[in-house]
Amino acid sequence: MSNVLYDLPGPKARLRNRVLGVVSAIGIVALLVYIVLRFNDTGQFESIKWQQFQYAAIQQQLLDGYLTTLRAAGVAAVLALIFGAVLAAGRLSEHGYFTAPTTFIVELFRAIPLLVLIFFAYYGPIQLGYKVGPFWPLVIGLTLYNGAVLAEIFRAGVLSVAKGQSEAAYALGMRKTQVMMSILLPQAIRAMLPAIVSQLVVLLKDTALGFIIQLPELLYVGKQIGGRLPFGLPYVPSYLIVAAIYIGTCGLLSAFAFWLQKRLIGGKKPKKTAAPVPLPADTGAGSSAVL
């Protein structure tokens, strides 16, 4: 028995994999227990460090930071998808005056670190005498970087469709735009969806870089809450709560993507049809009559 990419493991390999899996799970659990015990020894679970989180004002601060994070991620995701689609269309073009500049833009923004793009978008206008808020520089940096990455995902997804699909469409007299919109994209989306969602999850997490330019997003609010001396500088409890919010949001996004991919790939189940009724056997008289 073999798989597409590798030979399926035999009995000894399966046993070895199970043992390695159990040992790894025990190691991860032991590490988590050690971290919890260290937190407990350093007083991170004392009631005074968690007391402020029961106040409505603190909860509202966390909610406002979370909504700012979602707003920045939502705007950047939409703009990045549009920017990536435009760049991918340019890279897939058969004309060099479209392919060359779009290839340069994609490679440029993929090579520049995201934090550098955010600094350029934030401090560049300030050096020119224009005062800007921290929201749009973060969105611009996320759009440029993730749009370039999504452009490659779109291009790879379209190229993954069998070449015979487009050749058959061209043989029917369809134009290139019709082939792209009606033939290639519907099939490519199924292949691209996991990578697109993974990149959008990365985009959501990268909004945390907004705290460097003092955008009041979730991580920035968590840092402010954790730096309050009357509650014992509860940095660890604050960051644990922020991490739980990020993990829950990314988990929901991944679950939605899995459900959507399952719907797109599975489609509607075919309806069951009744079994055909067998015809009666021909008799000799009937056969002679037909003849």
# chains A, B, ... in the order shown; residues from 1 in each chain; ligands from 1
>>> residues_around(residues="stretch 260-262 of chain A", least_positions_apart="4", cutoff="10 Å", atoms="only C-alpha atoms", output="ChimeraX atom specification")
/A:189-194,254-256,266-267
>>> closest_atom_pairs(of="stretch 165-258 of chain A", to="stretch 34-40 of chain A", cutoff="12 Å", atoms="only C-alpha atoms", output="JSON lines")
{"residue": "A:Pro234", "atom": "CA", "partner": "A:Phe39", "partner_atom": "CA", "distance": 11.6}
{"residue": "A:Tyr235", "atom": "CA", "partner": "A:Phe39", "partner_atom": "CA", "distance": 11.6}
{"residue": "A:Val236", "atom": "CA", "partner": "A:Phe39", "partner_atom": "CA", "distance": 8.5}
{"residue": "A:Pro237", "atom": "CA", "partner": "A:Phe39", "partner_atom": "CA", "distance": 9.7}
{"residue": "A:Leu240", "atom": "CA", "partner": "A:Phe39", "partner_atom": "CA", "distance": 11.4}
>>> closest_atom_pairs(of="stretch 99-168 of chain A", to="stretch 68-77 of chain A", cutoff="9 Å", atoms="only C-alpha atoms", output="tab-separated table")
residue	atom	partner	partner_atom	distance
A:Phe135	CA	A:Ala72	CA	7.1
A:Trp136	CA	A:Ala72	CA	8.3
A:Leu138	CA	A:Ala72	CA	7.6
A:Val139	CA	A:Ala76	CA	5.1
A:Ile140	CA	A:Ala76	CA	7.3
A:Gly141	CA	A:Ala76	CA	8.6
A:Leu142	CA	A:Ala76	CA	6.0
A:Thr143	CA	A:Ala76	CA	5.3
A:Asn146	CA	A:Ala77	CA	8.2
A:Gly147	CA	A:Ala77	CA	8.5
>>> write_last_selection(atoms="N, CA and C atoms", output="PDB file, in the first residue's frame")
ATOM      1  N   PHE A 135      -3.904  54.162  12.984  1.00  0.00           N
ATOM      2  CA  PHE A 135      -4.745  53.109  12.397  1.00  0.00           C
ATOM      3  C   PHE A 135      -4.352  52.819  10.951  1.00  0.00           C
ATOM      4  N   TRP A 136      -4.343  53.849  10.109  1.00  0.00           N
ATOM      5  CA  TRP A 136      -4.102  53.621   8.687  1.00  0.00           C
ATOM      6  C   TRP A 136      -2.678  53.183   8.373  1.00  0.00           C
ATOM      7  N   LEU A 138      -0.932  51.123  10.121  1.00  0.00           N
ATOM      8  CA  LEU A 138      -0.978  49.684  10.367  1.00  0.00           C
ATOM      9  C   LEU A 138      -1.713  48.971   9.243  1.00  0.00           C
ATOM     10  N   VAL A 139      -2.850  49.516   8.813  1.00  0.00           N
ATOM     11  CA  VAL A 139      -3.625  48.892   7.737  1.00  0.00           C
ATOM     12  C   VAL A 139      -2.824  48.875   6.432  1.00  0.00           C
ATOM     13  N   ILE A 140      -2.133  49.964   6.129  1.00  0.00           N
ATOM     14  CA  ILE A 140      -1.344  50.023   4.898  1.00  0.00           C
ATOM     15  C   ILE A 140      -0.216  48.991   4.923  1.00  0.00           C
ATOM     16  N   GLY A 141       0.486  48.898   6.050  1.00  0.00           N
ATOM     17  CA  GLY A 141       1.551  47.902   6.146  1.00  0.00           C
ATOM     18  C   GLY A 141       1.028  46.481   5.994  1.00  0.00           C
ATOM     19  N   LEU A 142      -0.083  46.169   6.663  1.00  0.00           N
ATOM     20  CA  LEU A 142      -0.678  44.841   6.542  1.00  0.00           C
ATOM     21  C   LEU A 142      -1.154  44.574   5.120  1.00  0.00           C
ATOM     22  N   THR A 143      -1.705  45.591   4.462  1.00  0.00           N
ATOM     23  CA  THR A 143      -2.210  45.419   3.099  1.00  0.00           C
ATOM     24  C   THR A 143      -1.085  45.127   2.127  1.00  0.00           C
ATOM     25  N   ASN A 146       0.685  41.484   3.165  1.00  0.00           N
ATOM     26  CA  ASN A 146      -0.184  40.326   2.963  1.00  0.00           C
ATOM     27  C   ASN A 146      -0.764  40.287   1.558  1.00  0.00           C
ATOM     28  N   GLY A 147      -0.970  41.446   0.925  1.00  0.00           N
ATOM     29  CA  GLY A 147      -1.428  41.450  -0.461  1.00  0.00           C
ATOM     30  C   GLY A 147      -0.418  40.805  -1.385  1.00  0.00           C
TER      31      GLY A 147
END
>>> atom_distance(atom1="atom CA of A:Ile126", atom2="atom CA of A:Gly222")
27.1 Å
>>> atom_distance(atom1="atom CA of A:Ala151", atom2="atom CA of A:Pro137")
20.9 Å
>>> residues_around(residues="A:Pro134", least_positions_apart="3", cutoff="10 Å", atoms="only C-alpha atoms", output="list in words")
Ile118, Ala121, Tyr122, Tyr123, Lys131, Pro137, Leu138, Val139, Gly210, Phe211, Ile212, Ile213, Gln214, Leu215 and Pro216 of chain A
>>> residues_around(residues="A:Leu87", least_positions_apart="2", cutoff="9 Å", atoms="only C-alpha atoms", output="PyMOL selection string")
chain A and resi 82-85+89-92+99+102-103+105-106+147-148+150-152+155
>>> closest_residue(among="A:Arg228, A:Val78, A:Leu264, A:Ala244", to="A:Gln51", atoms="only C-alpha atoms")
A:Arg228
>>> closest_residue(among="A:Ala168, A:Leu128, A:Leu218, A:Leu81", to="A:Asp206", atoms="only C-alpha atoms")
A:Leu218
>>> atom_distance(atom1="atom CA of A:Val161", atom2="atom CA of A:Val86")
19.3 Å
>>> select_by_dssp(residues="stretch 14-236 of chain A", states="alpha helix (DSSP H)", output="MDAnalysis selection string")
chainID A and resid 14:41 47:50 56:91 96:111 114:127 135:159 163:171 176:178 185:206 218:226 235:236
